Structures are given as C-alpha cells and as structure tokens.
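*Asks:* Structure file start_1.cif (mmCIF, N, CA and C atoms) is given on the next line.
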data_structure
#
loop_
_atom_site.label_atom_id
_atom_site.label_comp_id
_atom_site.auth_asym_id
_atom_site.auth_seq_id
_atom_site.Cartn_x
_atom_site.Cartn_y
_atom_site.Cartn_z
N GLN A 1 125.73 104.41 36.49
CA GLN A 1 125.02 104.89 37.66
C GLN A 1 124.65 103.72 38.56
N VAL A 2 124.17 104.05 39.77
CA VAL A 2 123.69 103.02 40.70
C VAL A 2 122.28 103.39 41.14
N GLN A 3 121.55 102.42 41.63
CA GLN A 3 120.24 102.66 42.20
C GLN A 3 120.18 101.98 43.56
N PRO A 4 120.35 102.76 44.64
CA PRO A 4 120.33 102.18 45.98
C PRO A 4 118.96 101.58 46.31
N VAL A 5 119.00 100.44 46.98
CA VAL A 5 117.79 99.78 47.45
C VAL A 5 118.00 99.41 48.91
N GLU A 6 117.15 99.91 49.78
CA GLU A 6 117.25 99.64 51.21
C GLU A 6 116.37 98.46 51.60
N SER A 7 116.77 97.77 52.66
CA SER A 7 115.96 96.69 53.23
C SER A 7 116.33 96.54 54.69
N GLY A 8 115.52 95.78 55.42
CA GLY A 8 115.84 95.45 56.79
C GLY A 8 115.04 96.18 57.84
N GLY A 9 114.21 97.13 57.42
CA GLY A 9 113.39 97.85 58.39
C GLY A 9 112.30 96.96 58.96
N GLY A 10 111.64 97.47 59.99
CA GLY A 10 110.56 96.70 60.59
C GLY A 10 110.11 97.31 61.90
N LEU A 11 109.24 96.58 62.58
CA LEU A 11 108.72 97.00 63.87
C LEU A 11 109.47 96.27 64.98
N VAL A 12 110.08 97.03 65.87
CA VAL A 12 110.83 96.45 66.98
C VAL A 12 110.46 97.17 68.27
N GLN A 13 110.95 96.65 69.39
CA GLN A 13 110.69 97.26 70.68
C GLN A 13 111.90 98.05 71.16
N THR A 14 111.67 98.91 72.11
CA THR A 14 112.76 99.70 72.69
C THR A 14 113.87 98.78 73.17
N GLY A 15 115.10 99.13 72.80
CA GLY A 15 116.25 98.34 73.21
C GLY A 15 116.69 97.29 72.20
N ASP A 16 115.83 97.01 71.22
CA ASP A 16 116.16 96.02 70.20
C ASP A 16 117.18 96.57 69.20
N SER A 17 117.62 95.68 68.31
CA SER A 17 118.56 96.04 67.26
C SER A 17 117.99 95.68 65.89
N LEU A 18 118.48 96.37 64.88
CA LEU A 18 118.14 96.07 63.50
C LEU A 18 119.39 96.30 62.65
N ARG A 19 119.48 95.55 61.56
CA ARG A 19 120.55 95.81 60.60
C ARG A 19 119.91 96.14 59.26
N LEU A 20 120.13 97.35 58.83
CA LEU A 20 119.63 97.79 57.54
C LEU A 20 120.69 97.52 56.48
N SER A 21 120.21 97.20 55.28
CA SER A 21 121.12 96.93 54.17
C SER A 21 120.83 97.88 53.02
N CYS A 22 121.87 98.23 52.31
CA CYS A 22 121.75 99.06 51.11
C CYS A 22 122.55 98.39 50.00
N THR A 23 121.87 98.02 48.94
CA THR A 23 122.53 97.40 47.80
C THR A 23 122.18 98.20 46.55
N SER A 24 122.89 97.91 45.48
CA SER A 24 122.58 98.53 44.20
C SER A 24 121.71 97.58 43.40
N SER A 25 120.62 98.09 42.87
CA SER A 25 119.70 97.21 42.16
C SER A 25 120.37 96.57 40.95
N ALA A 26 119.92 95.37 40.63
CA ALA A 26 120.50 94.62 39.51
C ALA A 26 120.32 95.40 38.22
N GLY A 27 121.37 95.42 37.44
CA GLY A 27 121.30 96.09 36.17
C GLY A 27 121.57 97.57 36.22
N ALA A 28 121.93 98.07 37.42
CA ALA A 28 122.17 99.51 37.54
C ALA A 28 123.44 99.94 36.81
N GLY A 29 124.35 99.00 36.62
CA GLY A 29 125.50 99.33 35.80
C GLY A 29 126.80 99.46 36.53
N ARG A 30 126.78 100.02 37.73
CA ARG A 30 128.02 100.22 38.47
C ARG A 30 127.83 99.69 39.88
N THR A 31 128.96 99.50 40.55
CA THR A 31 128.91 98.99 41.91
C THR A 31 129.17 100.11 42.90
N PHE A 32 128.90 99.81 44.16
CA PHE A 32 129.11 100.79 45.21
C PHE A 32 130.58 101.12 45.43
N SER A 33 131.48 100.33 44.88
CA SER A 33 132.91 100.59 45.09
C SER A 33 133.33 101.94 44.54
N SER A 34 132.54 102.47 43.61
CA SER A 34 132.86 103.76 43.02
C SER A 34 132.12 104.92 43.68
N TYR A 35 131.44 104.64 44.78
CA TYR A 35 130.60 105.66 45.41
C TYR A 35 130.81 105.73 46.91
N ASN A 36 130.64 106.93 47.42
CA ASN A 36 130.48 107.12 48.85
C ASN A 36 129.00 106.86 49.16
N ILE A 37 128.72 106.20 50.27
CA ILE A 37 127.35 105.85 50.62
C ILE A 37 126.97 106.50 51.94
N GLY A 38 125.83 107.15 51.93
CA GLY A 38 125.34 107.79 53.15
C GLY A 38 123.99 107.23 53.55
N TRP A 39 123.75 107.23 54.85
CA TRP A 39 122.44 106.90 55.40
C TRP A 39 121.85 108.16 56.03
N PHE A 40 120.59 108.41 55.71
CA PHE A 40 119.84 109.51 56.28
C PHE A 40 118.55 108.95 56.85
N ARG A 41 117.87 109.74 57.66
CA ARG A 41 116.57 109.30 58.16
C ARG A 41 115.63 110.49 58.25
N GLN A 42 114.35 110.20 58.14
CA GLN A 42 113.33 111.23 58.27
C GLN A 42 112.23 110.72 59.19
N ALA A 43 112.13 111.35 60.34
CA ALA A 43 111.11 111.01 61.31
C ALA A 43 109.80 111.73 60.96
N PRO A 44 108.69 111.22 61.43
CA PRO A 44 107.40 111.87 61.13
C PRO A 44 107.39 113.34 61.55
N GLY A 45 107.05 114.21 60.62
CA GLY A 45 106.96 115.62 60.91
C GLY A 45 108.27 116.36 61.00
N LYS A 46 109.37 115.68 60.67
CA LYS A 46 110.68 116.31 60.77
C LYS A 46 111.40 116.27 59.43
N GLU A 47 112.46 117.06 59.34
CA GLU A 47 113.25 117.07 58.13
C GLU A 47 114.20 115.86 58.11
N ARG A 48 114.60 115.51 56.91
CA ARG A 48 115.55 114.41 56.77
C ARG A 48 116.90 114.83 57.33
N GLU A 49 117.55 113.92 58.06
CA GLU A 49 118.82 114.23 58.69
C GLU A 49 119.86 113.16 58.39
N PHE A 50 121.11 113.59 58.44
CA PHE A 50 122.23 112.69 58.20
C PHE A 50 122.43 111.76 59.39
N VAL A 51 122.74 110.48 59.10
CA VAL A 51 123.01 109.51 60.16
C VAL A 51 124.48 109.06 60.12
N ALA A 52 124.89 108.51 58.97
CA ALA A 52 126.24 107.96 58.86
C ALA A 52 126.64 107.87 57.39
N ALA A 53 127.96 107.77 57.16
CA ALA A 53 128.45 107.64 55.78
C ALA A 53 129.67 106.75 55.74
N SER A 54 129.83 106.09 54.59
CA SER A 54 130.99 105.24 54.34
C SER A 54 131.61 105.70 53.03
N THR A 55 132.89 106.07 53.07
CA THR A 55 133.54 106.55 51.86
C THR A 55 134.01 105.39 50.98
N MET A 56 134.43 105.72 49.77
CA MET A 56 134.96 104.71 48.83
C MET A 56 136.16 104.00 49.44
N THR A 57 136.89 104.71 50.31
CA THR A 57 138.07 104.12 50.95
C THR A 57 137.74 103.53 52.31
N ASP A 58 136.42 103.36 52.58
CA ASP A 58 135.94 102.68 53.79
C ASP A 58 136.20 103.48 55.06
N ARG A 59 136.22 104.79 54.93
CA ARG A 59 136.25 105.64 56.13
C ARG A 59 134.81 105.94 56.52
N SER A 60 134.56 106.02 57.84
CA SER A 60 133.20 106.21 58.32
C SER A 60 133.03 107.56 59.00
N TYR A 61 131.82 108.11 58.84
CA TYR A 61 131.46 109.35 59.50
C TYR A 61 130.09 109.15 60.15
N TYR A 62 129.87 109.85 61.26
CA TYR A 62 128.61 109.74 61.98
C TYR A 62 128.17 111.11 62.49
N THR A 63 126.85 111.24 62.66
CA THR A 63 126.36 112.34 63.48
C THR A 63 126.74 111.99 64.92
N ASP A 64 127.23 112.96 65.66
CA ASP A 64 127.74 112.70 67.01
C ASP A 64 126.75 111.95 67.88
N SER A 65 125.49 112.30 67.78
CA SER A 65 124.50 111.71 68.68
C SER A 65 124.23 110.25 68.38
N PHE A 66 124.63 109.76 67.20
CA PHE A 66 124.38 108.37 66.84
C PHE A 66 125.61 107.48 67.02
N GLU A 67 126.78 108.10 67.05
CA GLU A 67 128.00 107.30 67.17
C GLU A 67 127.99 106.57 68.50
N GLY A 68 128.26 105.27 68.41
CA GLY A 68 128.21 104.43 69.60
C GLY A 68 127.00 103.53 69.61
N ARG A 69 125.89 104.00 69.05
CA ARG A 69 124.70 103.15 68.93
C ARG A 69 124.54 102.61 67.52
N PHE A 70 124.92 103.42 66.53
CA PHE A 70 124.78 103.02 65.14
C PHE A 70 126.16 102.78 64.54
N THR A 71 126.26 101.78 63.68
CA THR A 71 127.52 101.46 63.04
C THR A 71 127.30 101.22 61.56
N ILE A 72 128.10 101.88 60.74
CA ILE A 72 128.03 101.67 59.30
C ILE A 72 129.18 100.77 58.88
N ALA A 73 128.91 99.87 57.95
CA ALA A 73 129.94 98.93 57.51
C ALA A 73 129.73 98.62 56.03
N ARG A 74 130.83 98.52 55.32
CA ARG A 74 130.76 98.26 53.87
C ARG A 74 131.30 96.86 53.62
N ASP A 75 130.52 96.04 52.94
CA ASP A 75 130.96 94.69 52.53
C ASP A 75 131.13 94.71 51.02
N THR A 76 132.38 94.80 50.57
CA THR A 76 132.63 94.92 49.13
C THR A 76 132.32 93.62 48.40
N THR A 77 132.43 92.47 49.08
CA THR A 77 132.15 91.20 48.41
C THR A 77 130.68 91.07 48.06
N LYS A 78 129.83 91.74 48.86
CA LYS A 78 128.40 91.70 48.60
C LYS A 78 127.89 92.99 47.97
N ASP A 79 128.81 93.94 47.79
CA ASP A 79 128.44 95.25 47.25
C ASP A 79 127.27 95.84 48.05
N THR A 80 127.43 95.79 49.35
CA THR A 80 126.37 96.20 50.27
C THR A 80 126.96 97.08 51.37
N VAL A 81 126.18 98.07 51.78
CA VAL A 81 126.55 98.88 52.93
C VAL A 81 125.49 98.67 54.00
N PHE A 82 125.92 98.30 55.19
CA PHE A 82 125.01 98.01 56.29
C PHE A 82 124.98 99.17 57.28
N LEU A 83 123.84 99.32 57.92
CA LEU A 83 123.72 100.24 59.04
C LEU A 83 123.15 99.45 60.21
N GLN A 84 124.00 99.19 61.20
CA GLN A 84 123.59 98.46 62.39
C GLN A 84 123.01 99.45 63.39
N LEU A 85 121.79 99.21 63.81
CA LEU A 85 121.11 100.07 64.77
C LEU A 85 120.94 99.30 66.07
N ASN A 86 121.56 99.78 67.14
CA ASN A 86 121.48 99.12 68.44
C ASN A 86 120.78 100.02 69.46
N SER A 87 120.29 99.38 70.52
CA SER A 87 119.65 100.12 71.62
C SER A 87 118.63 101.12 71.08
N LEU A 88 117.75 100.62 70.24
CA LEU A 88 116.80 101.50 69.58
C LEU A 88 115.81 102.14 70.56
N LYS A 89 115.44 103.37 70.24
CA LYS A 89 114.52 104.14 71.06
C LYS A 89 113.32 104.55 70.21
N PRO A 90 112.19 104.86 70.83
CA PRO A 90 111.03 105.30 70.03
C PRO A 90 111.35 106.49 69.13
N GLU A 91 112.24 107.36 69.55
CA GLU A 91 112.60 108.53 68.73
C GLU A 91 113.45 108.17 67.52
N ASP A 92 113.86 106.91 67.41
CA ASP A 92 114.57 106.44 66.22
C ASP A 92 113.59 106.05 65.11
N THR A 93 112.30 106.07 65.42
CA THR A 93 111.30 105.76 64.42
C THR A 93 111.40 106.73 63.26
N ALA A 94 111.59 106.19 62.05
CA ALA A 94 111.81 107.04 60.88
C ALA A 94 111.90 106.16 59.64
N ILE A 95 111.84 106.82 58.50
CA ILE A 95 112.21 106.16 57.25
C ILE A 95 113.70 106.39 57.07
N TYR A 96 114.41 105.31 56.85
CA TYR A 96 115.86 105.37 56.68
C TYR A 96 116.19 105.25 55.19
N TYR A 97 116.95 106.21 54.70
CA TYR A 97 117.31 106.28 53.29
C TYR A 97 118.80 106.04 53.09
N CYS A 98 119.09 105.38 51.99
CA CYS A 98 120.47 105.18 51.56
C CYS A 98 120.69 106.03 50.31
N ALA A 99 121.86 106.62 50.20
CA ALA A 99 122.15 107.47 49.04
C ALA A 99 123.60 107.28 48.61
N ALA A 100 123.85 107.48 47.33
CA ALA A 100 125.18 107.29 46.77
C ALA A 100 125.72 108.60 46.20
N SER A 101 126.98 108.85 46.46
CA SER A 101 127.63 110.06 45.99
C SER A 101 128.92 109.72 45.25
N ALA A 102 129.07 110.28 44.06
CA ALA A 102 130.30 110.09 43.29
C ALA A 102 131.32 111.18 43.60
N SER A 103 131.00 112.07 44.52
CA SER A 103 131.87 113.20 44.86
C SER A 103 133.22 112.70 45.38
N ARG A 104 134.26 113.40 44.97
CA ARG A 104 135.60 113.10 45.45
C ARG A 104 136.21 114.36 46.03
N GLY A 105 137.28 114.19 46.78
CA GLY A 105 137.99 115.35 47.32
C GLY A 105 137.22 116.04 48.43
N SER A 106 136.20 116.80 48.05
CA SER A 106 135.49 117.59 49.04
C SER A 106 134.49 116.78 49.85
N TYR A 107 134.31 115.51 49.52
CA TYR A 107 133.30 114.71 50.22
C TYR A 107 133.57 114.66 51.71
N SER A 108 134.84 114.65 52.10
CA SER A 108 135.18 114.54 53.52
C SER A 108 134.68 115.73 54.32
N PHE A 109 134.33 116.83 53.64
CA PHE A 109 133.81 118.01 54.31
C PHE A 109 132.30 118.16 54.12
N ARG A 110 131.75 117.37 53.19
CA ARG A 110 130.36 117.60 52.79
C ARG A 110 129.49 116.36 52.92
N TYR A 111 129.97 115.33 53.53
CA TYR A 111 129.26 114.04 53.57
C TYR A 111 127.89 114.13 54.22
N HIS A 112 127.66 115.13 55.05
CA HIS A 112 126.41 115.26 55.77
C HIS A 112 125.35 116.04 54.98
N LEU A 113 125.73 116.56 53.81
CA LEU A 113 124.82 117.38 53.01
C LEU A 113 124.06 116.52 52.00
N GLN A 114 122.76 116.65 51.97
CA GLN A 114 121.96 115.85 51.04
C GLN A 114 122.28 116.19 49.59
N SER A 115 122.68 117.42 49.34
CA SER A 115 122.98 117.85 47.97
C SER A 115 124.19 117.15 47.37
N VAL A 116 125.02 116.52 48.21
CA VAL A 116 126.22 115.83 47.72
C VAL A 116 125.87 114.52 47.02
N TYR A 117 124.71 113.97 47.33
CA TYR A 117 124.33 112.63 46.89
C TYR A 117 123.57 112.68 45.57
N ASP A 118 123.98 111.76 44.69
CA ASP A 118 123.44 111.74 43.34
C ASP A 118 122.25 110.80 43.18
N TYR A 119 122.25 109.72 43.95
CA TYR A 119 121.21 108.71 43.80
C TYR A 119 120.66 108.34 45.17
N TRP A 120 119.35 108.20 45.24
CA TRP A 120 118.66 107.92 46.50
C TRP A 120 117.77 106.69 46.37
N GLY A 121 117.71 105.91 47.45
CA GLY A 121 116.75 104.85 47.51
C GLY A 121 115.40 105.36 47.97
N LYS A 122 114.42 104.45 48.02
CA LYS A 122 113.07 104.85 48.41
C LYS A 122 112.85 104.77 49.91
N GLY A 123 113.80 104.18 50.62
CA GLY A 123 113.72 104.15 52.07
C GLY A 123 113.15 102.86 52.63
N THR A 124 113.47 102.60 53.90
CA THR A 124 112.91 101.48 54.63
C THR A 124 112.46 102.00 55.99
N LEU A 125 111.28 101.60 56.41
CA LEU A 125 110.68 102.14 57.62
C LEU A 125 111.11 101.35 58.86
N VAL A 126 111.58 102.09 59.85
CA VAL A 126 111.91 101.52 61.15
C VAL A 126 110.93 102.11 62.16
N THR A 127 110.23 101.24 62.86
CA THR A 127 109.30 101.67 63.89
C THR A 127 109.70 101.04 65.21
N VAL A 128 109.92 101.88 66.21
CA VAL A 128 110.33 101.40 67.52
C VAL A 128 109.21 101.68 68.51
N SER A 129 108.66 100.64 69.08
CA SER A 129 107.56 100.80 70.03
C SER A 129 108.11 100.88 71.45
N SER A 130 107.38 101.61 72.30
CA SER A 130 107.82 101.78 73.69
C SER A 130 107.29 100.68 74.58
#
Please go through the file and, once you have read it, give me the structure as structure tokens.

*Replies:*
Amino acid sequence: QVQPVESGGGLVQTGDSLRLSCTSSAGAGRTFSSYNIGWFRQAPGKEREFVAASTMTDRSYYTDSFEGRFTIARDTTKDTVFLQLNSLKPEDTAIYYCAASASRGSYSFRYHLQSVYDYWGKGTLVTVSS
C-alpha cells in the first residue's frame, strides 16, 4: 500500500503561484508507479471536488475549469506527483488532497470519483488573499 503525504500549501496573494507535492510516506511499502494519483480540493463550506489526475502511464485529466491554470506532473525519479497552481484566485482557497488509486481499466472513466481512490492524504491548506 501507499500513504500519500501532501506539502507545499501556504498563504499567497491573488495572481501568485504554488506548487503542491504528493509523495508516499517512508515505509509505506509501494511506490506511486503502481497507482493513479488524483488531486481533489475542499473549499470552506463546500463539498470536496476533483481537480486533476495522473495515471500510471502518465496521462493527465483535469476538471475543465482548472485546465490551463493548474498542471499535474509526475516525477518518477522522486516518486512524487506535483500540482502546479498558477494565477491563483481567492476562490481557490481550499484544502488540497492527494489520493492514490490502484484501479485499472475503468479508471479512465472514473478518475473524477472519490470512491475510486484507495488511499488519501491529510491535505495541505492553500489560502489566497485578495
């Protein structure tokens, strides 16, 4: 199994950028190479929503409204999946979660569903001030 750990959140101003990282905690046993990795976020008072995903074969998926501002990238040498956040807005304020899915085959149709993911991190907080 893996245990995702997020980092890189913080307090920034409108228009700034952040790069979030998701790694597997030491001793978890397996690497991200065997998992599809998704990023989700939960804003205050709202439900958690899908942001982006990176498959085991390094294919990327995005929610339409984030594509162009957010970029997901997988670095296999570091066993890390990054989420680059650009042109941040106050409405991007949220806890950002990383999750790992061992699903195969149907993942390409289900990557946006939280139920597909087997392991979740505790999240990293991004706050964007106006």

*Asks:* Please, what distance in Å, to one decimal, runs between atom N of Leu125 of chain A and atom CA of Glu6 of chain A?

*Replies:*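 Distance between the two atoms: 8.2 Å.
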
*Asks:* Expanded to explicit residues, what is the PyMOL selection byres (((chain A and resi 66 and name CA) around 12) and name CA) for this file, as a ChimeraX atom specification?

*Replies:* /A:39-41,49-53,61-65,67-72,83-89,91-92

*Asks:* With all atoms listed in the file as the basis for distance, which of A:Lys46, A:Ser129, A:Phe32, A:Arg19 is at the shortest distance from Pro90 of chain A?

*Replies:* A:Ser129

*Asks:* Run the PyMOL selection byres ((chain A and resi 121) around 7) mentally over the shown coordinates, then write out the matched residues as a count of residues only, using the chain letters and numbers from the document.

*Replies:* 13

*Asks:* Atom CA of Ser25 of chain A and atom CA of Ser101 of chain A, how far apart in Å?

*Replies:*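 Calculated distance between atom CA of Ser101 of chain A and atom CA of Ser25 of chain A is 15.6 Å.
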
*Asks:* Which residue out of A:Ala73, A:Asp79, A:Gln42, A:Val128 has the minimum interatomic distance to Asp16 of chain A when only N, CA and C atoms are used?

*Replies:* A:Val128

*Asks:* Select from chain A everything DSSP, run on the backbone, classes as alpha helix (DSSP H), then give the selection as a PDB file with N, CA and C atoms, keeping the file's coordinate frame.

*Replies:*
ATOM      1  N   TYR A 107     134.310 115.510  49.520  1.00  0.00           N
ATOM      2  CA  TYR A 107     133.300 114.710  50.220  1.00  0.00           C
ATOM      3  C   TYR A 107     133.570 114.660  51.710  1.00  0.00           C
ATOM      4  N   SER A 108     134.840 114.650  52.100  1.00  0.00           N
ATOM      5  CA  SER A 108     135.180 114.540  53.520  1.00  0.00           C
ATOM      6  C   SER A 108     134.680 115.730  54.320  1.00  0.00           C
ATOM      7  N   PHE A 109     134.330 116.830  53.640  1.00  0.00           N
ATOM      8  CA  PHE A 109     133.810 118.010  54.310  1.00  0.00           C
ATOM      9  C   PHE A 109     132.300 118.160  54.120  1.00  0.00           C
ATOM     10  N   ARG A 110     131.750 117.370  53.190  1.00  0.00           N
ATOM     11  CA  ARG A 110     130.360 117.600  52.790  1.00  0.00           C
ATOM     12  C   ARG A 110     129.490 116.360  52.920  1.00  0.00           C
TER      13      ARG A 110
END

*Asks:* Kindly give the distance, in Å, that separates atom C of Arg59 of chain A and atom CA of Gly9 of chain A, rounded to a single decimal.

*Replies:*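 Atom-to-atom, atom C of Arg59 of chain A and atom CA of Gly9 of chain A are spaced 23.0 Å apart.
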
*Asks:* Could you check which of A:Thr76, A:Leu20, A:Ser103, A:Gln114 is closest to Tyr35 of chain A, using all atoms listed in the file?

*Replies:*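 Counting all atoms listed in the file, the residue closest to Tyr35 of chain A is A:Ser103.
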
*Asks:* List every residue of chain A that DSSP, applied to the backbone of this structure, assigns to strand (DSSP E), and report them as a PyMOL selection string.

*Replies:* chain A and resi 4-7+10-13+18-24+36-42+49-54+60-62+70-75+80-85+94-101+119-120+124-129

*Asks:* Decode the PyMOL selection byres (((chain A and resi 80 and name CA) around 6) and name CA) for the given file into explicit residues and return them as a PDB file with N, CA and C atoms, in the coordinates of the input.

*Replies:*
ATOM      1  N   CYS A  22     121.870  98.230  52.310  1.00  0.00           N
ATOM      2  CA  CYS A  22     121.750  99.060  51.110  1.00  0.00           C
ATOM      3  C   CYS A  22     122.550  98.390  50.000  1.00  0.00           C
ATOM      4  N   THR A  23     121.870  98.020  48.940  1.00  0.00           N
ATOM      5  CA  THR A  23     122.530  97.400  47.800  1.00  0.00           C
ATOM      6  C   THR A  23     122.180  98.200  46.550  1.00  0.00           C
ATOM      7  N   ASP A  75     130.520  96.040  52.940  1.00  0.00           N
ATOM      8  CA  ASP A  75     130.960  94.690  52.530  1.00  0.00           C
ATOM      9  C   ASP A  75     131.130  94.710  51.020  1.00  0.00           C
ATOM     10  N   LYS A  78     129.830  91.740  48.860  1.00  0.00           N
ATOM     11  CA  LYS A  78     128.400  91.700  48.600  1.00  0.00           C
ATOM     12  C   LYS A  78     127.890  92.990  47.970  1.00  0.00           C
ATOM     13  N   ASP A  79     128.810  93.940  47.790  1.00  0.00           N
ATOM     14  CA  ASP A  79     128.440  95.250  47.250  1.00  0.00           C
ATOM     15  C   ASP A  79     127.270  95.840  48.050  1.00  0.00           C
ATOM     16  N   VAL A  81     126.180  98.070  51.780  1.00  0.00           N
ATOM     17  CA  VAL A  81     126.550  98.880  52.930  1.00  0.00           C
ATOM     18  C   VAL A  81     125.490  98.670  54.000  1.00  0.00           C
TER      19      VAL A  81
END

*Asks:* Out of A:Leu18, A:Leu113, A:Ala94, A:Ala102, which residue has the shortest atom-to-atom distance to Met56 of chain A when counting only C-alpha atoms?

*Replies:* A:Ala102

*Asks:* Restricting the calculation to all atoms listed in the file: of A:Val116, A:Val12, A:Ile95, A:Val2, which residue gets closest to Ser130 of chain A?

*Replies:*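 Checking each of A:Val116, A:Val12, A:Ile95, A:Val2 against Ser130 of chain A, counting all atoms listed in the file, the winner is A:Val12.
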
*Asks:* Taking all atoms listed in the file into account, which of A:Asn36, A:Thr77, A:Ser106, A:Thr127 comes nearest Gln13 of chain A?

*Replies:*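 When distances to Gln13 of chain A are compared using all atoms listed in the file, the smallest one comes from A:Thr127.
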
*Asks:* Reconstruct all heavy atoms of segment 73-81 of chain A from the incomplete input and present them as a PDB file, in the coordinates of the input.

*Replies:*
ATOM      1  N   ALA A  73     128.910  99.870  57.950  1.00  0.00           N
ATOM      2  CA  ALA A  73     129.940  98.930  57.510  1.00  0.00           C
ATOM      3  C   ALA A  73     129.730  98.620  56.030  1.00  0.00           C
ATOM      4  O   ALA A  73     128.598  98.453  55.580  1.00  0.00           O
ATOM      5  CB  ALA A  73     129.905  97.654  58.331  1.00  0.00           C
ATOM      6  N   ARG A  74     130.830  98.520  55.320  1.00  0.00           N
ATOM      7  CA  ARG A  74     130.760  98.260  53.870  1.00  0.00           C
ATOM      8  C   ARG A  74     131.300  96.860  53.620  1.00  0.00           C
ATOM      9  O   ARG A  74     132.403  96.521  54.064  1.00  0.00           O
ATOM     10  CB  ARG A  74     131.591  99.298  53.127  1.00  0.00           C
ATOM     11  CG  ARG A  74     131.575  99.193  51.618  1.00  0.00           C
ATOM     12  CD  ARG A  74     132.542 100.203  51.027  1.00  0.00           C
ATOM     13  NE  ARG A  74     132.043 101.570  51.131  1.00  0.00           N
ATOM     14  CZ  ARG A  74     131.563 102.276  50.101  1.00  0.00           C
ATOM     15  NH1 ARG A  74     131.496 101.716  48.907  1.00  0.00           N
ATOM     16  NH2 ARG A  74     131.162 103.525  50.267  1.00  0.00           N
ATOM     17  N   ASP A  75     130.520  96.040  52.940  1.00  0.00           N
ATOM     18  CA  ASP A  75     130.960  94.690  52.530  1.00  0.00           C
ATOM     19  C   ASP A  75     131.130  94.710  51.020  1.00  0.00           C
ATOM     20  O   ASP A  75     130.163  94.622  50.275  1.00  0.00           O
ATOM     21  CB  ASP A  75     129.924  93.653  52.962  1.00  0.00           C
ATOM     22  CG  ASP A  75     130.399  92.222  52.703  1.00  0.00           C
ATOM     23  OD1 ASP A  75     131.230  92.014  51.789  1.00  0.00           O
ATOM     24  OD2 ASP A  75     129.923  91.328  53.411  1.00  0.00           O
ATOM     25  N   THR A  76     132.380  94.800  50.570  1.00  0.00           N
ATOM     26  CA  THR A  76     132.630  94.920  49.130  1.00  0.00           C
ATOM     27  C   THR A  76     132.320  93.620  48.400  1.00  0.00           C
ATOM     28  O   THR A  76     131.987  93.647  47.218  1.00  0.00           O
ATOM     29  CB  THR A  76     134.086  95.318  48.884  1.00  0.00           C
ATOM     30  OG1 THR A  76     134.951  94.382  49.513  1.00  0.00           O
ATOM     31  CG2 THR A  76     134.362  96.718  49.442  1.00  0.00           C
ATOM     32  N   THR A  77     132.430  92.470  49.080  1.00  0.00           N
ATOM     33  CA  THR A  77     132.150  91.200  48.410  1.00  0.00           C
ATOM     34  C   THR A  77     130.680  91.070  48.060  1.00  0.00           C
ATOM     35  O   THR A  77     130.325  90.393  47.100  1.00  0.00           O
ATOM     36  CB  THR A  77     132.562  90.019  49.295  1.00  0.00           C
ATOM     37  OG1 THR A  77     131.762  90.021  50.483  1.00  0.00           O
ATOM     38  CG2 THR A  77     134.029  90.113  49.680  1.00  0.00           C
ATOM     39  N   LYS A  78     129.830  91.740  48.860  1.00  0.00           N
ATOM     40  CA  LYS A  78     128.400  91.700  48.600  1.00  0.00           C
ATOM     41  C   LYS A  78     127.890  92.990  47.970  1.00  0.00           C
ATOM     42  O   LYS A  78     126.685  93.109  47.707  1.00  0.00           O
ATOM     43  CB  LYS A  78     127.653  91.444  49.911  1.00  0.00           C
ATOM     44  CG  LYS A  78     127.972  90.106  50.556  1.00  0.00           C
ATOM     45  CD  LYS A  78     127.201  89.918  51.864  1.00  0.00           C
ATOM     46  CE  LYS A  78     127.514  88.581  52.499  1.00  0.00           C
ATOM     47  NZ  LYS A  78     126.793  88.378  53.778  1.00  0.00           N
ATOM     48  N   ASP A  79     128.810  93.940  47.790  1.00  0.00           N
ATOM     49  CA  ASP A  79     128.440  95.250  47.250  1.00  0.00           C
ATOM     50  C   ASP A  79     127.270  95.840  48.050  1.00  0.00           C
ATOM     51  O   ASP A  79     126.260  96.300  47.490  1.00  0.00           O
ATOM     52  CB  ASP A  79     128.052  95.155  45.769  1.00  0.00           C
ATOM     53  CG  ASP A  79     128.129  96.506  45.068  1.00  0.00           C
ATOM     54  OD1 ASP A  79     128.970  97.333  45.479  1.00  0.00           O
ATOM     55  OD2 ASP A  79     127.331  96.749  44.145  1.00  0.00           O
ATOM     56  N   THR A  80     127.430  95.790  49.350  1.00  0.00           N
ATOM     57  CA  THR A  80     126.370  96.200  50.270  1.00  0.00           C
ATOM     58  C   THR A  80     126.960  97.080  51.370  1.00  0.00           C
ATOM     59  O   THR A  80     128.086  96.844  51.822  1.00  0.00           O
ATOM     60  CB  THR A  80     125.697  94.973  50.901  1.00  0.00           C
ATOM     61  OG1 THR A  80     125.125  94.171  49.858  1.00  0.00           O
ATOM     62  CG2 THR A  80     124.600  95.381  51.872  1.00  0.00           C
ATOM     63  N   VAL A  81     126.180  98.070  51.780  1.00  0.00           N
ATOM     64  CA  VAL A  81     126.550  98.880  52.930  1.00  0.00           C
ATOM     65  C   VAL A  81     125.490  98.670  54.000  1.00  0.00           C
ATOM     66  O   VAL A  81     124.301  98.853  53.732  1.00  0.00           O
ATOM     67  CB  VAL A  81     126.673 100.366  52.564  1.00  0.00           C
ATOM     68  CG1 VAL A  81     126.983 101.198  53.807  1.00  0.00           C
ATOM     69  CG2 VAL A  81     127.763 100.568  51.520  1.00  0.00           C
TER      70      VAL A  81
END
